[in-house]
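Text of the file run.cif, holding mmCIF, C-alpha atoms:
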data_entry
loop_
_atom_site.label_atom_id
_atom_site.label_comp_id
_atom_site.auth_asym_id
_atom_site.auth_seq_id
_atom_site.Cartn_x
_atom_site.Cartn_y
_atom_site.Cartn_z
CA MET U 1 21.20 -23.58 -8.18
CA GLN U 2 17.56 -23.59 -9.27
CA LYS U 3 14.95 -24.69 -6.74
CA ASN U 4 11.29 -24.45 -5.82
CA ILE U 5 10.31 -22.05 -3.07
CA SER U 6 6.83 -21.81 -1.61
CA ASN U 7 5.33 -18.96 0.44
CA LYS U 8 8.67 -17.22 1.02
CA LEU U 9 8.84 -14.93 -1.98
CA THR U 10 7.36 -11.50 -2.61
CA ALA U 11 5.98 -10.56 -6.02
CA VAL U 12 7.09 -7.19 -7.42
CA THR U 13 5.57 -5.19 -10.27
CA ILE U 14 7.77 -3.30 -12.72
CA GLY U 15 6.03 0.05 -12.17
CA ASP U 16 7.04 2.82 -14.56
CA ILE U 17 10.33 1.55 -15.95
CA LYS U 18 11.35 5.16 -16.67
CA GLY U 19 10.88 6.08 -13.01
CA ILE U 20 13.07 5.62 -9.97
CA GLY U 21 11.43 2.47 -8.59
CA ILE U 22 13.20 -0.13 -10.72
CA GLN U 23 16.52 1.68 -10.28
CA ILE U 24 16.21 1.38 -6.51
CA LEU U 25 15.08 -2.25 -6.67
CA ILE U 26 18.12 -3.24 -8.74
CA LYS U 27 20.41 -1.24 -6.42
CA VAL U 28 19.19 -2.99 -3.25
CA TRP U 29 19.34 -6.37 -5.02
CA LYS U 30 22.96 -5.81 -6.09
CA ARG U 31 23.84 -4.82 -2.53
CA LYS U 32 22.15 -8.03 -1.31
CA LYS U 33 19.74 -6.14 0.91
CA ILE U 34 16.72 -7.79 -0.70
CA ARG U 35 16.85 -11.01 -2.70
CA ASP U 36 13.66 -12.98 -1.99
CA PHE U 37 11.43 -11.56 -4.74
CA VAL U 38 10.36 -12.13 -8.33
CA LEU U 39 9.80 -9.20 -10.68
CA PHE U 40 6.87 -9.28 -13.12
CA THR U 41 7.95 -7.76 -16.43
CA ASN U 42 8.22 -8.45 -20.12
CA TYR U 43 11.66 -10.00 -20.60
CA GLU U 44 12.48 -8.24 -23.87
CA LEU U 45 11.54 -4.80 -22.56
CA PHE U 46 13.40 -5.35 -19.31
CA ASN U 47 16.48 -6.64 -21.11
CA LYS U 48 16.36 -3.57 -23.40
CA TYR U 49 16.25 -1.37 -20.28
CA ILE U 50 19.26 -2.94 -18.56
CA LEU U 51 21.32 -2.91 -21.77
CA LYS U 52 20.52 0.75 -22.41
CA ASN U 53 21.50 1.66 -18.84
CA ARG U 54 24.55 -0.63 -18.84
CA ILE U 55 23.33 -2.60 -15.85
CA SER U 56 25.11 -5.89 -15.24
CA ILE U 57 22.84 -8.51 -13.67
CA LYS U 58 22.20 -12.19 -14.30
CA ILE U 59 18.53 -12.71 -15.15
CA PHE U 60 16.65 -15.93 -14.46
CA ARG U 61 13.20 -16.52 -15.92
CA SER U 62 11.10 -18.02 -13.14
CA SER U 63 8.22 -20.33 -13.97
CA ILE U 64 5.46 -22.23 -12.20
CA ILE U 65 6.03 -25.96 -11.65
CA ASN U 66 3.61 -28.00 -9.52
CA ASN U 67 2.02 -24.79 -8.24
CA LYS U 68 5.38 -23.45 -7.03
CA ILE U 69 7.70 -20.75 -8.30
CA THR U 70 11.10 -21.77 -9.62
CA PHE U 71 13.76 -19.50 -8.19
CA GLN U 72 17.49 -19.08 -8.62
CA LYS U 73 19.12 -17.71 -5.49
CA ASN U 74 21.93 -15.57 -6.95
CA SER U 75 20.07 -14.39 -10.06
CA PHE U 76 17.64 -11.55 -10.67
CA ASN U 77 14.41 -13.54 -10.98
CA ILE U 78 11.62 -12.38 -13.28
CA ILE U 79 8.35 -13.79 -14.56
CA ASP U 80 8.02 -12.95 -18.25
CA ILE U 81 4.67 -11.34 -19.11
CA PRO U 82 3.17 -10.26 -22.45
CA ALA U 83 3.56 -6.56 -23.34
CA GLU U 84 4.20 -4.60 -26.52
CA ASN U 85 5.37 -1.38 -24.89
CA TYR U 86 6.32 0.10 -21.52
CA ASN U 87 2.80 1.23 -20.60
CA GLN U 88 1.37 -2.23 -21.29
CA ASN U 89 4.24 -3.71 -19.30
CA THR U 90 3.31 -1.58 -16.28
CA TYR U 91 -0.40 -2.41 -16.43
CA ASN U 92 -0.05 -6.12 -17.26
CA SER U 93 2.47 -6.47 -14.45
CA LEU U 94 -0.24 -5.39 -11.99
CA LEU U 95 -2.78 -7.83 -13.40
CA GLU U 96 -0.51 -10.86 -13.78
CA SER U 97 1.15 -10.50 -10.38
CA TYR U 98 -2.21 -10.17 -8.63
CA LYS U 99 -3.35 -13.52 -10.06
CA LEU U 100 -0.41 -15.43 -8.57
CA VAL U 101 -0.45 -13.59 -5.24
CA LYS U 102 -4.16 -14.37 -4.98
CA LYS U 103 -3.30 -18.05 -5.50
CA LYS U 104 -0.90 -17.73 -2.53
CA LEU U 105 2.19 -18.47 -4.60
CA PHE U 106 3.71 -15.35 -3.00
CA ILE U 107 3.36 -13.94 0.50
CA GLY U 108 2.50 -10.51 -0.85
CA LEU U 109 2.92 -7.89 -3.54
CA VAL U 110 5.17 -4.83 -3.75
CA THR U 111 4.05 -2.50 -6.53
CA LEU U 112 6.70 -0.09 -7.74
CA PRO U 113 5.45 3.46 -8.43
CA ILE U 114 3.48 4.08 -11.62
CA ASN U 115 2.38 7.02 -13.74
CA LYS U 116 -1.44 6.93 -13.46
CA LYS U 117 -1.95 9.02 -16.59
CA LYS U 118 -0.07 6.48 -18.72
CA ILE U 119 -2.22 3.60 -17.41
CA ASN U 120 -5.37 5.63 -17.91
CA THR U 121 -4.57 5.75 -21.65
CA LEU U 122 -4.90 1.94 -21.65
CA ASN U 123 -7.88 1.74 -19.29
CA SER U 124 -9.95 4.91 -19.03
CA LYS U 125 -11.55 3.65 -15.79
CA PHE U 126 -8.21 3.33 -14.03
CA ILE U 127 -7.84 5.81 -11.16
CA ASP U 128 -5.25 4.31 -8.85
CA GLN U 129 -3.80 0.99 -7.69
CA THR U 130 -5.79 0.99 -4.44
CA THR U 131 -9.08 1.08 -6.34
CA LEU U 132 -7.85 -1.44 -8.92
CA PHE U 133 -6.88 -4.07 -6.35
CA THR U 134 -9.98 -3.45 -4.23
CA LYS U 135 -12.15 -4.22 -7.26
CA LYS U 136 -10.01 -7.18 -8.36
CA ASP U 137 -10.30 -8.62 -4.86
CA GLY U 138 -14.07 -8.20 -4.89
CA LYS U 139 -14.14 -5.93 -1.85
CA GLU U 140 -16.47 -3.00 -1.26
CA ILE U 141 -14.33 -1.43 1.45
CA SER U 142 -10.59 -0.91 1.69
CA ASN U 143 -8.36 1.77 3.16
CA MET U 144 -5.27 3.52 1.87
CA ILE U 145 -2.90 3.32 4.84
CA PHE U 146 0.44 5.12 4.96
CA ALA U 147 2.81 3.43 7.38
CA TYR U 148 6.02 4.64 8.96
CA ASN U 149 7.63 3.72 12.30
CA ASN U 150 4.48 2.04 13.65
CA THR U 151 2.37 5.13 12.96
CA TYR U 152 -0.42 5.07 10.39
CA PHE U 153 -1.96 7.92 8.39
CA VAL U 154 -5.26 7.22 6.61
CA PRO U 155 -7.22 9.47 4.20
CA LEU U 156 -10.89 8.45 4.14
CA THR U 157 -11.38 9.78 0.61
CA ILE U 158 -8.52 9.37 -1.82
CA HIS U 159 -8.23 10.48 -5.44
CA ILE U 160 -11.22 12.78 -5.82
CA GLU U 161 -11.55 16.52 -6.37
CA LEU U 162 -11.41 18.58 -3.18
CA LYS U 163 -14.80 20.15 -3.90
CA LYS U 164 -16.37 16.66 -3.84
CA VAL U 165 -15.02 15.64 -0.41
CA SER U 166 -17.90 16.99 1.69
CA ARG U 167 -20.48 15.51 -0.68
CA GLU U 168 -18.73 12.13 -0.49
CA LEU U 169 -18.60 12.20 3.32
CA LYS U 170 -22.39 12.55 3.45
CA GLN U 171 -22.36 8.76 3.03
CA THR U 172 -21.82 8.48 6.78
CA ASP U 173 -22.62 4.76 6.93
CA LYS U 174 -19.96 4.02 4.32
CA TYR U 175 -17.26 5.88 6.25
CA PHE U 176 -18.39 4.42 9.55
CA LYS U 177 -17.79 0.99 8.00
CA LYS U 178 -14.42 2.11 6.59
CA ILE U 179 -13.21 3.03 10.07
CA LEU U 180 -14.57 -0.22 11.50
CA SER U 181 -12.56 -2.05 8.83
CA LEU U 182 -9.54 0.12 9.63
CA ASN U 183 -9.79 -0.78 13.31
CA GLN U 184 -9.76 -4.48 12.45
CA THR U 185 -6.76 -3.96 10.14
CA ILE U 186 -4.71 -2.23 12.84
CA ILE U 187 -5.48 -5.12 15.20
CA ARG U 188 -4.93 -8.02 12.79
CA ASP U 189 -2.30 -6.75 10.37
CA PHE U 190 -0.25 -4.51 12.65
CA GLY U 191 -0.64 -6.43 15.92
CA ILE U 192 -1.99 -3.54 18.03
CA LYS U 193 -4.64 -5.02 20.33
CA ARG U 194 -6.41 -1.78 21.25
CA PRO U 195 -5.53 0.91 18.72
CA LYS U 196 -5.93 4.59 19.46
CA PHE U 197 -7.36 6.77 16.69
CA ILE U 198 -7.54 10.53 16.19
CA MET U 199 -9.56 12.13 13.41
CA ALA U 200 -9.04 15.46 11.63
CA GLY U 201 -11.90 17.75 10.73
CA ILE U 202 -12.76 18.79 7.20
CA ASN U 203 -12.49 22.55 7.51
CA PRO U 204 -9.97 24.89 9.18
CA HIS U 205 -10.49 24.74 12.96
CA CYS U 206 -13.25 22.15 12.38
CA GLY U 207 -15.53 24.91 11.12
CA GLU U 208 -14.85 27.30 14.04
CA ASN U 209 -18.09 26.36 15.86
CA GLY U 210 -20.18 27.12 12.79
CA ILE U 211 -18.51 30.40 11.85
CA ILE U 212 -16.78 28.80 8.87
CA SER U 213 -18.92 25.68 8.40
CA GLN U 214 -21.08 23.16 10.25
CA GLU U 215 -19.96 20.19 8.14
CA ASP U 216 -17.71 18.74 10.82
CA ASP U 217 -20.62 18.70 13.27
CA PHE U 218 -23.17 16.94 11.09
CA LEU U 219 -20.85 14.74 8.98
CA LEU U 220 -18.05 13.59 11.31
CA LYS U 221 -19.34 13.77 14.86
CA PRO U 222 -22.17 11.24 14.29
CA ILE U 223 -19.62 8.74 12.92
CA ILE U 224 -17.35 9.23 15.92
CA ARG U 225 -20.26 8.80 18.36
CA ARG U 226 -21.27 5.50 16.69
CA LEU U 227 -17.67 4.26 16.89
CA LYS U 228 -17.37 5.19 20.57
CA LYS U 229 -20.53 3.18 21.33
CA LEU U 230 -18.67 0.16 19.95
CA LYS U 231 -15.78 0.88 22.37
CA ILE U 232 -13.45 2.04 19.62
CA ASN U 233 -10.86 4.41 21.06
CA ILE U 234 -11.21 7.46 18.81
CA ASP U 235 -10.94 11.20 19.44
CA GLY U 236 -11.99 14.07 17.19
CA PRO U 237 -12.69 15.86 15.07
CA ILE U 238 -9.49 17.83 15.70
CA SER U 239 -8.47 20.94 13.80
CA PRO U 240 -6.42 19.66 10.81
CA ASP U 241 -3.62 22.16 11.46
CA ALA U 242 -3.14 20.93 15.03
CA ILE U 243 -3.60 17.17 14.77
CA VAL U 244 -0.02 16.15 13.93
CA ASN U 245 2.38 17.05 16.72
CA LYS U 246 4.91 15.29 18.95
CA LYS U 247 2.40 14.66 21.73
CA ASN U 248 -0.19 13.10 19.43
CA LEU U 249 2.41 11.04 17.57
CA LYS U 250 3.28 9.40 20.89
CA LYS U 251 -0.33 9.02 22.05
CA TYR U 252 -2.12 7.72 18.94
CA ASN U 253 -1.47 4.78 16.62
CA CYS U 254 -3.55 5.97 13.69
CA PHE U 255 -4.36 9.41 12.28
CA ILE U 256 -7.52 9.62 10.18
CA PHE U 257 -7.94 12.43 7.65
CA THR U 258 -10.86 13.39 5.45
CA TYR U 259 -9.01 13.73 2.16
CA HIS U 260 -5.81 12.71 0.40
CA ASP U 261 -3.47 15.71 0.72
CA GLN U 262 -4.57 16.40 4.28
CA ALA U 263 -2.89 13.09 5.17
CA LEU U 264 -0.03 13.00 2.69
CA ILE U 265 1.53 16.40 3.35
CA PRO U 266 2.42 15.73 7.02
CA PHE U 267 3.14 12.05 6.32
CA LYS U 268 5.75 12.77 3.65
CA ILE U 269 7.44 15.33 5.90
CA ILE U 270 7.58 12.88 8.80
CA SER U 271 8.60 9.81 6.77
CA ASN U 272 10.97 11.67 4.43
CA TYR U 273 9.86 9.40 1.58
CA ALA U 274 10.73 6.23 3.52
CA GLY U 275 7.05 5.46 4.13
CA VAL U 276 4.89 2.71 2.67
CA ASN U 277 1.41 2.79 1.12
CA TYR U 278 -0.66 -0.25 2.14
CA THR U 279 -4.06 -1.28 0.75
CA SER U 280 -5.96 -2.81 3.66
CA GLY U 281 -9.03 -5.01 3.68
CA LEU U 282 -7.88 -7.33 0.89
CA ASP U 283 -7.20 -11.05 0.91
CA ILE U 284 -3.75 -10.31 -0.50
CA ILE U 285 -1.05 -8.09 1.01
CA ARG U 286 -0.26 -5.19 -1.32
CA VAL U 287 2.16 -2.38 -0.52
CA SER U 288 4.04 0.29 -2.42
CA PRO U 289 6.87 2.72 -1.60
CA ASP U 290 5.50 6.21 -1.12
CA HIS U 291 8.11 8.14 -3.10
CA GLY U 292 6.40 8.04 -6.50
CA THR U 293 8.10 7.77 -9.89
CA ALA U 294 10.45 10.71 -9.10
CA TYR U 295 11.54 11.22 -12.71
CA ASP U 296 13.72 14.15 -11.62
CA LEU U 297 15.90 11.80 -9.54
CA VAL U 298 16.45 9.11 -12.16
CA GLY U 299 20.14 8.58 -12.82
CA LYS U 300 21.26 10.64 -9.83
CA LYS U 301 23.18 9.41 -6.81
CA ASN U 302 22.16 9.41 -3.13
CA LYS U 303 18.65 8.14 -3.83
CA SER U 304 16.98 6.79 -0.69
CA SER U 305 16.15 3.10 -0.93
CA LEU U 306 14.25 2.99 2.37
CA GLY U 307 10.81 3.20 0.77
CA VAL U 308 11.45 0.01 -1.20
CA ILE U 309 13.21 -1.77 1.68
CA ASN U 310 10.45 -0.82 4.13
CA SER U 311 7.84 -2.12 1.68
CA PHE U 312 9.37 -5.59 1.76
CA LYS U 313 9.65 -5.46 5.54
CA LEU U 314 6.00 -4.50 5.87
CA VAL U 315 4.83 -7.39 3.68
CA LYS U 316 6.61 -9.84 5.99
CA LYS U 317 5.37 -8.08 9.13
CA ILE U 318 1.74 -8.18 8.00
CA ALA U 319 2.01 -11.80 6.87
CA SER U 320 3.42 -12.78 10.27
CA ASN U 321 0.83 -10.78 12.21
CA ARG U 322 -2.05 -12.20 10.18
CA ASN U 323 -0.79 -15.72 10.79
CA LYS U 324 -0.55 -15.16 14.55
CA TYR U 325 -3.94 -13.47 14.76
CA ASP U 326 -5.74 -16.09 12.69
CA LYS U 327 -4.23 -18.91 14.75
CA ALA U 328 -5.31 -17.22 17.98
CA GLN U 329 -8.83 -16.73 16.61
CA LYS U 330 -9.00 -20.37 15.55
CA ILE U 331 -7.98 -21.52 19.03
CA THR U 332 -10.58 -19.22 20.62
CA ARG U 333 -13.36 -20.51 18.35
CA SER U 334 -12.33 -24.08 19.10
CA LYS U 335 -12.57 -23.48 22.86
CA PHE U 336 -16.04 -21.96 22.56
CA SER U 337 -17.28 -24.74 20.26
CA ASN U 338 -16.20 -27.36 22.81
#
Please express the file's structure as structure tokens.
Amino acid sequence: MQKNISNKLTAVTIGDIKGIGIQILIKVWKRKKIRDFVLFTNYELFNKYILKNRISIKIFRSSIINNKITFQKNSFNIIDIPAENYNQNTYNSLLESYKLVKKKLFIGLVTLPINKKKINTLNSKFIDQTTLFTKKDGKEISNMIFAYNNTYFVPLTIHIELKKVSRELKQTDKYFKKILSLNQTIIRDFGIKRPKFIMAGINPHCGENGIISQEDDFLLKPIIRRLKKLKINIDGPISPDAIVNKKNLKKYNCFIFTYHDQALIPFKIISNYAGVNYTSGLDIIRVSPDHGTAYDLVGKKNKSSLGVINSFKLVKKIASNRNKYDKAQKITRSKFSN
């Protein structure tokens, strides 16, 4: 039966259709683990894909009627978008889904993994989805947050060359503001009233008291001091090789790292590819499974679906937490105004 559903559905992008993301999505849909979503893809290209791979699913083309999404409960719902090839399909899926999520026709957006190089051939300025959505949302500051089991790993710099990290971190005011934004995200989106942060240094052993480098002293310590003055519970800088351990995982909510791989290596070991990448600081809720396109696993059995399942769970968790927080803030403002 076809019906209108408002603010209960999650938008999903097609990602790289040759990757593992869409395989997992279809698998969890067929097993009825996740049903409340609409996939953004070109119908002809998607139909070609399922025929080639001999996938049996009933497709329903959703549409917008009276500012609501039409949805068929027992069908695989898609919104047909324009695209001439698979790369265009991936990129246009990001753009078209964002528009409707921004209009609040969906509670959030799950983006299936993409191949950045393929998108860069269409848009030479494209670096990553985090940067794309931050710009689309008109925000100057966002954070790439990796979430797993109520623990959060955050790289301050993301997709830049390693040799540029120290130069980038010289913008101490920018990264002070990023951590302030991160603190607010942990409170509002993840429901932790007083989050505990720990920050890794840049160099081995945080520069070994100047023997290796003094960067950690003059780049990171001033930021941490400013944050402590604002009563933010943060420790560091800690030697990067010693920051992630059982004791710290129990003590701290959020681990802050200075660059991408410094965060992702321990995170992927801990989460075993069941983690979620979340872009904070936006008006919309955007998440993505952290397992990548995984071309080498396409067509093979025993593929973990937890990254995709956890992405949907996180969208709902953040939406619920935001709603509770915003209501509480509204009540507080009302009391003070009276």
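Here the question is which of U:Arg61, U:Arg225, U:Arg322, U:His159 gets nearest to Asp80 in chain U using all atoms listed in the file, and that residue is U:Arg61.
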Using all atoms listed in the file, pick whichever of U:Lys221, U:Tyr259, U:Asp235, U:Phe190 has the shortest atom-to-atom distance to Ser166 in chain U. U:Tyr259
Please indicate the distance in Å from CA of Ile232 in chain U to CA of Thr151 in chain U, rounded to one decimal place. 17.4 Å
Would you mind listing what lies within 7 Å of Asn233 in chain U as an mmCIF file with C-alpha atoms, in the coordinates of the input, with only C-alpha atoms counted and same-chain residues fewer than 4 positions away left out?
data_model
loop_
_atom_site.group_PDB
_atom_site.id
_atom_site.type_symbol
_atom_site.label_atom_id
_atom_site.label_comp_id
_atom_site.auth_asym_id
_atom_site.auth_seq_id
_atom_site.Cartn_x
_atom_site.Cartn_y
_atom_site.Cartn_z
ATOM 1 C CA PRO U 195 -5.530 0.910 18.720
ATOM 2 C CA LYS U 196 -5.930 4.590 19.460
ATOM 3 C CA PHE U 197 -7.360 6.770 16.690
ATOM 4 C CA LYS U 228 -17.370 5.190 20.570
#
Under the rule that only C-alpha atoms are counted, which of U:Ile127, U:Ala147, U:Ile202, U:Ile64 is the nearest residue to Lys163 in chain U?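 Among the listed residues, U:Ile202 lies closest to Lys163 in chain U.
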Given the file above and the PyMOL selection byres ((chain U and resi 249-256) around 8), which residues are selected, and can you give them as a list of chain:residue names?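 Given this file, the PyMOL selection byres ((chain U and resi 249-256) around 8) evaluates to U:Asn150, U:Thr151, U:Tyr152, U:Phe153, U:Val154, U:Pro155, U:Leu156, U:Pro195, U:Lys196, U:Phe197, U:Ile198, U:Met199, U:Ala200, U:Val244, U:Asn245, U:Lys246, U:Lys247, U:Asn248, U:Phe257, U:Thr258, U:Ala263.
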Care to translate the PyMOL selection byres ((chain U and resi 323-331) around 12) into actual residues of this file, as a tab-separated table (two decimals) with C-alpha atoms, in the frame of the given file?
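Here's the written file result12.tsv:
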chain	number	residue	atom	x	y	z
U	107	ILE	CA	3.36	-13.94	0.50
U	184	GLN	CA	-9.76	-4.48	12.45
U	185	THR	CA	-6.76	-3.96	10.14
U	186	ILE	CA	-4.71	-2.23	12.84
U	187	ILE	CA	-5.48	-5.12	15.20
U	188	ARG	CA	-4.93	-8.02	12.79
U	189	ASP	CA	-2.30	-6.75	10.37
U	190	PHE	CA	-0.25	-4.51	12.65
U	191	GLY	CA	-0.64	-6.43	15.92
U	192	ILE	CA	-1.99	-3.54	18.03
U	193	LYS	CA	-4.64	-5.02	20.33
U	316	LYS	CA	6.61	-9.84	5.99
U	317	LYS	CA	5.37	-8.08	9.13
U	318	ILE	CA	1.74	-8.18	8.00
U	319	ALA	CA	2.01	-11.80	6.87
U	320	SER	CA	3.42	-12.78	10.27
U	321	ASN	CA	0.83	-10.78	12.21
U	322	ARG	CA	-2.05	-12.20	10.18
U	332	THR	CA	-10.58	-19.22	20.62
U	333	ARG	CA	-13.36	-20.51	18.35
U	334	SER	CA	-12.33	-24.08	19.10
U	335	LYS	CA	-12.57	-23.48	22.86
U	336	PHE	CA	-16.04	-21.96	22.56
U	337	SER	CA	-17.28	-24.74	20.26
U	338	ASN	CA	-16.20	-27.36	22.81
So the first atom is CA of Leu112 in chain U and the second is CA of Gly21 in chain U; what is the distance between them in Å, to one decimal place? 5.4 Å
Hey, can you check how far CA of Ile55 in chain U sits from CA of Ile22 in chain U?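 So the answer is 11.6 Å.
The nearest approach to Thr13 in chain U among the residues U:Ala242, U:Arg286, U:Val298, U:Lys33, with all atoms listed in the file taken into account, belongs to U:Arg286.
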Taking the file as shown, what set of residues would the PyMOL selection byres ((chain U and resi 40-54) around 10) give back, as a PyMOL selection string? chain U and resi 11-15+17-18+23+26+37-39+55-57+59-62+77-86+88-97+111+299
With distances taken over only C-alpha atoms, which of U:Asn183, U:Thr172, U:Asn310, U:Gln72 is nearest to Arg226 in chain U? U:Thr172
Which one is closest to Lys99 in chain U: U:Val308, U:Pro113, U:Asp283, U:Tyr278? Count all atoms listed in the file.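 Closest candidate: U:Asp283.
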Once 3 Å is added on each side, what are the centre and the three edge lengths, in Å to one decimal, of the axis-aligned box enclosing the listed atoms of range 223-230 of chain U? Present them as JSON.
{"center_x": -19.3, "center_y": 4.7, "center_z": 17.1, "size_x": 9.9, "size_y": 15.1, "size_z": 14.4}
Using all atoms listed in the file, find all polymer residues with an atom at most 7 Å away from the point (25.8, -13.2, -9.3); report them as number ranges by chain. U: 58, 74-75
Can you write just those residues out, C-alpha atoms, as a CSV table (one decimal), keeping the file's coordinate frame?
chain,number,residue,atom,x,y,z
U,58,LYS,CA,22.2,-12.2,-14.3
U,74,ASN,CA,21.9,-15.6,-7.0
U,75,SER,CA,20.1,-14.4,-10.1
